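This is model.pdb. It holds PDB, C-alpha atoms and all ligand atoms.
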```pdb
MODEL        1
ATOM      1  CA  MET A   1     131.078  97.299  30.218  1.00  0.00           C
ATOM      2  CA  THR A   2     128.242  99.768  30.843  1.00  0.00           C
ATOM      3  CA  SER A   3     126.125  97.091  32.450  1.00  0.00           C
ATOM      4  CA  MET A   4     129.014  96.109  34.742  1.00  0.00           C
ATOM      5  CA  SER A   5     129.431  99.639  36.170  1.00  0.00           C
ATOM      6  CA  GLU A   6     125.653  99.860  36.744  1.00  0.00           C
ATOM      7  CA  HIS A   7     125.913  96.662  38.705  1.00  0.00           C
ATOM      8  CA  ASP A   8     128.772  98.051  40.823  1.00  0.00           C
ATOM      9  CA  GLU A   9     126.808 101.222  41.480  1.00  0.00           C
ATOM     10  CA  GLY A  10     123.803  99.203  42.582  1.00  0.00           C
ATOM     11  CA  ALA A  11     125.947  97.138  44.923  1.00  0.00           C
ATOM     12  CA  ALA A  12     127.442 100.293  46.433  1.00  0.00           C
ATOM     13  CA  VAL A  13     123.964 101.737  47.119  1.00  0.00           C
ATOM     14  CA  ALA A  14     122.835  98.483  48.688  1.00  0.00           C
ATOM     15  CA  ALA A  15     125.945  98.365  50.893  1.00  0.00           C
ATOM     16  CA  ARG A  16     125.372 101.958  52.061  1.00  0.00           C
ATOM     17  CA  ILE A  17     121.729 101.245  52.946  1.00  0.00           C
ATOM     18  CA  GLU A  18     122.713  98.064  54.766  1.00  0.00           C
ATOM     19  CA  ARG A  19     125.345  99.936  56.800  1.00  0.00           C
ATOM     20  CA  ARG A  20     122.848 102.637  57.692  1.00  0.00           C
ATOM     21  CA  TRP A  21     120.279 100.106  58.932  1.00  0.00           C
ATOM     22  CA  THR A  22     122.978  98.171  60.808  1.00  0.00           C
ATOM     23  CA  VAL A  23     123.785 101.370  62.686  1.00  0.00           C
ATOM     24  CA  VAL A  24     120.077 101.987  63.422  1.00  0.00           C
ATOM     25  CA  SER A  25     119.448  98.467  64.714  1.00  0.00           C
ATOM     26  CA  ALA A  26     122.689  98.434  66.729  1.00  0.00           C
ATOM     27  CA  GLY A  27     121.560 101.767  68.199  1.00  0.00           C
ATOM     28  CA  ILE A  28     118.197 100.271  69.241  1.00  0.00           C
ATOM     29  CA  VAL A  29     119.925  97.290  70.883  1.00  0.00           C
ATOM     30  CA  GLY A  30     122.340  99.673  72.631  1.00  0.00           C
ATOM     31  CA  LEU A  31     119.465 101.821  73.890  1.00  0.00           C
ATOM     32  CA  LEU A  32     117.583  98.809  75.306  1.00  0.00           C
ATOM     33  CA  VAL A  33     120.710  97.429  76.984  1.00  0.00           C
ATOM     34  CA  GLY A  34     121.345 100.882  78.441  1.00  0.00           C
ATOM     35  CA  MET A  35     117.789 101.070  79.770  1.00  0.00           C
ATOM     36  CA  ALA A  36     118.091  97.601  81.338  1.00  0.00           C
ATOM     37  CA  ILE A  37     121.385  98.515  83.008  1.00  0.00           C
ATOM     38  CA  PHE A  38     119.982 101.824  84.274  1.00  0.00           C
ATOM     39  CA  ALA A  39     116.778 100.223  85.607  1.00  0.00           C
ATOM     40  CA  GLY A  40     118.713  97.411  87.302  1.00  0.00           C
ATOM     41  CA  ILE A  41     121.213  99.672  89.005  1.00  0.00           C
ATOM     42  CA  HIS A  42     118.579 102.270  89.897  1.00  0.00           C
ATOM     43  CA  LYS A  43     116.314  99.673  91.475  1.00  0.00           C
ATOM     44  CA  ALA A  44     119.172  98.022  93.372  1.00  0.00           C
ATOM     45  CA  THR A  45     120.401 101.317  94.782  1.00  0.00           C
ATOM     46  CA  MET A  46     116.914 102.698  95.535  1.00  0.00           C
ATOM     47  CA  PRO A  47     114.947 100.063  97.436  1.00  0.00           C
ATOM     48  CA  GLN A  48     111.303 100.714  98.235  1.00  0.00           C
ATOM     49  CA  ALA A  49     110.943 103.737 100.464  1.00  0.00           C
ATOM     50  CA  TRP A  50     109.232 101.775 103.189  1.00  0.00           C
ATOM     51  CA  VAL A  51     109.058  98.098 103.869  1.00  0.00           C
ATOM     52  CA  GLU A  52     107.527  97.621 107.273  1.00  0.00           C
ATOM     53  CA  THR A  53     107.842  94.344 109.046  1.00  0.00           C
ATOM     54  CA  ALA A  54     105.934  92.607 111.819  1.00  0.00           C
ATOM     55  CA  ASN A  55     106.815  89.312 113.453  1.00  0.00           C
ATOM     56  CA  PRO A  56     103.837  86.998 112.822  1.00  0.00           C
ATOM     57  CA  GLN A  57     104.664  84.943 115.926  1.00  0.00           C
ATOM     58  CA  THR A  58     104.252  87.837 118.330  1.00  0.00           C
ATOM     59  CA  LEU A  59     101.442  89.790 116.617  1.00  0.00           C
ATOM     60  CA  HIS A  60      98.960  88.924 119.375  1.00  0.00           C
ATOM     61  CA  ILE A  61     101.388  89.687 122.209  1.00  0.00           C
ATOM     62  CA  SER A  62     102.799  93.094 121.418  1.00  0.00           C
ATOM     63  CA  GLY A  63     102.954  95.825 118.813  1.00  0.00           C
ATOM     64  CA  GLU A  64     100.300  97.572 116.780  1.00  0.00           C
ATOM     65  CA  PHE A  65      98.456  94.377 115.787  1.00  0.00           C
ATOM     66  CA  VAL A  66      97.428  93.251 119.269  1.00  0.00           C
ATOM     67  CA  GLU A  67      93.703  92.536 119.268  1.00  0.00           C
ATOM     68  CA  SER A  68      92.742  95.648 121.265  1.00  0.00           C
ATOM     69  CA  ASN A  69      94.402  97.817 118.635  1.00  0.00           C
ATOM     70  CA  LEU A  70      92.624  96.329 115.606  1.00  0.00           C
ATOM     71  CA  GLY A  71      89.831  98.210 113.872  1.00  0.00           C
ATOM     72  CA  SER A  72      89.503 101.854 112.875  1.00  0.00           C
ATOM     73  CA  ALA A  73      91.310 104.650 114.698  1.00  0.00           C
ATOM     74  CA  VAL A  74      90.989 108.402 114.143  1.00  0.00           C
ATOM     75  CA  GLU A  75      94.342 110.126 113.764  1.00  0.00           C
ATOM     76  CA  ALA A  76      95.258 113.645 114.912  1.00  0.00           C
ATOM     77  CA  ASP A  77      95.064 114.938 111.327  1.00  0.00           C
ATOM     78  CA  GLY A  78      91.476 113.669 110.902  1.00  0.00           C
ATOM     79  CA  SER A  79      92.405 110.687 108.761  1.00  0.00           C
ATOM     80  CA  VAL A  80      91.521 107.138 109.749  1.00  0.00           C
ATOM     81  CA  THR A  81      93.875 104.188 110.155  1.00  0.00           C
ATOM     82  CA  VAL A  82      92.412 100.700 109.932  1.00  0.00           C
ATOM     83  CA  ARG A  83      94.422  97.816 111.346  1.00  0.00           C
ATOM     84  CA  ALA A  84      93.519  94.252 110.466  1.00  0.00           C
ATOM     85  CA  ILE A  85      95.053  90.819 110.370  1.00  0.00           C
ATOM     86  CA  GLY A  86      94.320  87.775 108.281  1.00  0.00           C
ATOM     87  CA  GLN A  87      94.696  84.274 109.637  1.00  0.00           C
ATOM     88  CA  GLN A  88      93.506  80.802 108.609  1.00  0.00           C
ATOM     89  CA  PHE A  89      90.568  81.283 107.985  1.00  0.00           C
ATOM     90  CA  SER A  90      89.240  84.680 108.939  1.00  0.00           C
ATOM     91  CA  PHE A  91      90.000  88.352 109.158  1.00  0.00           C
ATOM     92  CA  THR A  92      90.065  90.344 112.373  1.00  0.00           C
ATOM     93  CA  PRO A  93      87.980  92.420 112.571  1.00  0.00           C
ATOM     94  CA  GLN A  94      85.334  90.570 110.593  1.00  0.00           C
ATOM     95  CA  CYS A  95      83.534  93.838 109.865  1.00  0.00           C
ATOM     96  CA  ILE A  96      85.579  96.957 109.209  1.00  0.00           C
ATOM     97  CA  LEU A  97      83.868 100.308 109.774  1.00  0.00           C
ATOM     98  CA  VAL A  98      85.014 103.395 107.850  1.00  0.00           C
ATOM     99  CA  PRO A  99      83.613 106.887 107.190  1.00  0.00           C
ATOM    100  CA  THR A 100      82.791 108.488 103.824  1.00  0.00           C
ATOM    101  CA  GLY A 101      84.944 111.295 102.420  1.00  0.00           C
ATOM    102  CA  THR A 102      87.953 110.646 104.664  1.00  0.00           C
ATOM    103  CA  PRO A 103      91.497 109.575 103.797  1.00  0.00           C
ATOM    104  CA  ILE A 104      91.882 106.034 105.082  1.00  0.00           C
ATOM    105  CA  SER A 105      95.023 103.993 105.504  1.00  0.00           C
ATOM    106  CA  PHE A 106      94.630 100.232 105.780  1.00  0.00           C
ATOM    107  CA  ARG A 107      97.468  98.526 107.629  1.00  0.00           C
ATOM    108  CA  ALA A 108      97.220  94.777 107.525  1.00  0.00           C
ATOM    109  CA  THR A 109      99.362  91.701 107.916  1.00  0.00           C
ATOM    110  CA  SER A 110      99.091  87.941 108.230  1.00  0.00           C
ATOM    111  CA  ALA A 111      99.469  85.812 111.322  1.00  0.00           C
ATOM    112  CA  ASP A 112     100.303  82.623 109.394  1.00  0.00           C
ATOM    113  CA  VAL A 113     100.367  82.129 105.609  1.00  0.00           C
ATOM    114  CA  VAL A 114      99.851  84.415 102.610  1.00  0.00           C
ATOM    115  CA  HIS A 115      96.281  85.718 102.395  1.00  0.00           C
ATOM    116  CA  GLY A 116      94.612  88.144 100.016  1.00  0.00           C
ATOM    117  CA  PHE A 117      93.188  91.541 100.916  1.00  0.00           C
ATOM    118  CA  LEU A 118      90.617  92.625  98.369  1.00  0.00           C
ATOM    119  CA  ILE A 119      87.838  95.151  98.853  1.00  0.00           C
ATOM    120  CA  ASP A 120      85.070  94.714  96.312  1.00  0.00           C
ATOM    121  CA  HIS A 121      84.268  97.689  94.044  1.00  0.00           C
ATOM    122  CA  THR A 122      87.549  99.433  94.870  1.00  0.00           C
ATOM    123  CA  ASN A 123      91.046  99.136  93.435  1.00  0.00           C
ATOM    124  CA  ILE A 124      92.330  97.691  96.715  1.00  0.00           C
ATOM    125  CA  ASN A 125      93.769  94.264  96.026  1.00  0.00           C
ATOM    126  CA  SER A 126      96.922  93.204  97.813  1.00  0.00           C
ATOM    127  CA  MET A 127      98.557  90.247  99.481  1.00  0.00           C
ATOM    128  CA  LEU A 128      99.002  89.867 103.207  1.00  0.00           C
ATOM    129  CA  VAL A 129     102.420  88.314 103.589  1.00  0.00           C
ATOM    130  CA  PRO A 130     103.511  87.051 107.012  1.00  0.00           C
ATOM    131  CA  GLY A 131     106.344  89.238 108.264  1.00  0.00           C
ATOM    132  CA  TYR A 132     105.317  92.294 106.260  1.00  0.00           C
ATOM    133  CA  ILE A 133     102.768  95.046 106.721  1.00  0.00           C
ATOM    134  CA  SER A 134     100.630  95.938 103.707  1.00  0.00           C
ATOM    135  CA  VAL A 135      99.771  99.637 103.688  1.00  0.00           C
ATOM    136  CA  LEU A 136      96.927 100.652 101.395  1.00  0.00           C
ATOM    137  CA  PRO A 137      95.428 104.127 101.036  1.00  0.00           C
ATOM    138  CA  ALA A 138      91.716 104.471 100.308  1.00  0.00           C
ATOM    139  CA  LYS A 139      88.807 106.873 100.239  1.00  0.00           C
ATOM    140  CA  PHE A 140      85.135 105.989 100.060  1.00  0.00           C
ATOM    141  CA  ASP A 141      82.649 108.442  98.583  1.00  0.00           C
ATOM    142  CA  VAL A 142      79.352 106.757  99.299  1.00  0.00           C
ATOM    143  CA  PRO A 143      77.989 104.740 102.215  1.00  0.00           C
ATOM    144  CA  GLY A 144      77.551 101.035 101.590  1.00  0.00           C
ATOM    145  CA  GLU A 145      78.949  97.596 102.169  1.00  0.00           C
ATOM    146  CA  HIS A 146      81.869  96.031 100.345  1.00  0.00           C
ATOM    147  CA  PRO A 147      82.564  92.292 100.576  1.00  0.00           C
ATOM    148  CA  MET A 148      86.182  91.538 101.409  1.00  0.00           C
ATOM    149  CA  PRO A 149      87.072  88.000 100.283  1.00  0.00           C
ATOM    150  CA  CYS A 150      90.502  86.449 100.750  1.00  0.00           C
ATOM    151  CA  GLN A 151      91.764  86.112  97.185  1.00  0.00           C
ATOM    152  CA  GLU A 152      94.916  84.036  97.726  1.00  0.00           C
ATOM    153  CA  PHE A 153      94.554  80.317  98.212  1.00  0.00           C
ATOM    154  CA  CYS A 154      95.536  79.812 101.839  1.00  0.00           C
ATOM    155  CA  GLY A 155      94.366  76.313 102.711  1.00  0.00           C
ATOM    156  CA  ILE A 156      91.311  74.148 103.115  1.00  0.00           C
ATOM    157  CA  GLY A 157      89.130  76.943 104.508  1.00  0.00           C
ATOM    158  CA  HIS A 158      90.163  79.566 101.942  1.00  0.00           C
ATOM    159  CA  GLU A 159      86.789  79.928 100.279  1.00  0.00           C
ATOM    160  CA  GLY A 160      85.102  80.627 103.597  1.00  0.00           C
ATOM    161  CA  MET A 161      87.519  83.432 104.487  1.00  0.00           C
ATOM    162  CA  TRP A 162      85.513  86.625 104.167  1.00  0.00           C
ATOM    163  CA  ALA A 163      85.077  89.917 105.936  1.00  0.00           C
ATOM    164  CA  LYS A 164      83.302  93.100 104.924  1.00  0.00           C
ATOM    165  CA  VAL A 165      83.933  96.823 104.888  1.00  0.00           C
ATOM    166  CA  LYS A 166      81.004  98.988 105.944  1.00  0.00           C
ATOM    167  CA  VAL A 167      81.143 102.617 104.876  1.00  0.00           C
ATOM    168  CA  ILE A 168      79.006 104.975 106.950  1.00  0.00           C
ATOM    169  CA  ASP A 169      78.289 108.683 106.964  1.00  0.00           C
ATOM    170  CA  LYS A 170      81.296 110.706 108.138  1.00  0.00           C
ATOM    171  CA  ALA A 171      79.463 112.639 110.893  1.00  0.00           C
ATOM    172  CA  THR A 172      78.027 109.449 112.390  1.00  0.00           C
ATOM    173  CA  PHE A 173      81.417 107.756 112.319  1.00  0.00           C
ATOM    174  CA  PHE A 174      83.225 110.599 114.076  1.00  0.00           C
ATOM    175  CA  LYS A 175      80.451 110.811 116.694  1.00  0.00           C
ATOM    176  CA  MET A 176      80.934 107.100 117.424  1.00  0.00           C
ATOM    177  CA  ALA A 177      84.711 107.553 117.466  1.00  0.00           C
ATOM    178  CA  ALA A 178      84.423 110.223 120.162  1.00  0.00           C
ATOM    179  CA  ASP A 179      83.690 107.604 122.814  1.00  0.00           C
ATOM    180  CA  LYS A 180      85.482 104.584 121.446  1.00  0.00           C
ATOM    181  CA  ARG A 181      89.190 104.206 120.825  1.00  0.00           C
ATOM    182  CA  ARG A 182      88.855 101.587 118.089  1.00  0.00           C
ATOM    183  CA  LEU A 183      85.760 101.108 115.929  1.00  0.00           C
ATOM    184  CA  THR A 184      84.511  98.029 114.134  1.00  0.00           C
ATOM    185  CA  CYS A 185      81.065  96.903 112.968  1.00  0.00           C
ATOM    186  CA  VAL A 186      81.434  93.439 114.485  1.00  0.00           C
ATOM    187  CA  GLU A 187      78.141  92.631 116.204  1.00  0.00           C
TER     188      GLU A 187
HETATM  189 CU1  LIG A 201      93.057  83.386 103.396  1.00  0.00          CU
HETATM  190 CU2  LIG A 201      92.576  82.461 101.272  1.00  0.00          CU
ENDMDL
END
```
Please go through the file and, once you have read it, give me the structure as structure tokens.
Amino acid sequence: MTSMSEHDEGAAVAARIERRWTVVSAGIVGLLVGMAIFAGIHKATMPQAWVETANPQTLHISGEFVESNLGSAVEADGSVTVRAIGQQFSFTPQCILVPTGTPISFRATSADVVHGFLIDHTNINSMLVPGYISVLPAKFDVPGEHPMPCQEFCGIGHEGMWAKVKVIDKATFFKMAADKRRLTCVE
């Protein structure tokens, strides 16, 4: 009889522990489902703050990516905006000129298929998607040259699609910018 009641007691303890852990694991599942619902609704109701578009078929005719507007431009606030396009199988401009110690905004897009925009020895690594403008902030501390290979397979000439970014002393850059609307280092 004694042994029977001990058995019942043990079963009751086990049942209590099982219930407790059922509640804990159900709570974890509930929390994760809640997070998924929140993230899904939040993302659907709050799209990216800016998605800028550009028609790849008219890039060369009008808008900010016409050829005369490509390259580096000094803005009123002293920052520099660089505009570039990728196309099979080159970048324009082929040599991008930027100053040291200056906030830089790269604005780039594609005229045909998806290309890659990667600046060596920086954390800039993006895709150029036709129809969309990629906006990438940057700052360069030291003068030098950075290779800029296309890093998305874009066709037969992909591996030959390269440009470079040349970083020069800030004072020299702004002196050059004084008499030229758009700067590049294309020779
Ligand atoms: Cu352009 Cu690969």
**Message:** Please return as a ChimeraX atom specification the residues found within 12 Å of ligand LIG 201 (chain A), counting only C-alpha atoms and all ligand atoms.
**Reply:** /A:85-92,109-118,126-130,148-163
**Item:** stretch 103-106 of chain A environment, 9 Å, all atoms listed in the file, sequence neighbours closer than 3 positions dropped, as a PyMOL selection string
**Value:** chain A and resi 72+78-84+98-100+134-140
**Message:** Take the PyMOL selection byres (((chain A and resi 165) around 10) and not hetatm), run it mentally on this structure, and tell me the resulting residues as a VMD selection string.
**Reply:** chain A and resid 93 to 98 119 to 120 144 to 148 163 to 164 166 to 168 184 to 185
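Taking atom CA of A:Ile133 as the reference point, atom CA of A:Thr102 is found at 21.6 Å.
Note that the spacing between atom CA of A:Gly101 and atom CA of A:Asp169 amounts to 8.5 Å.
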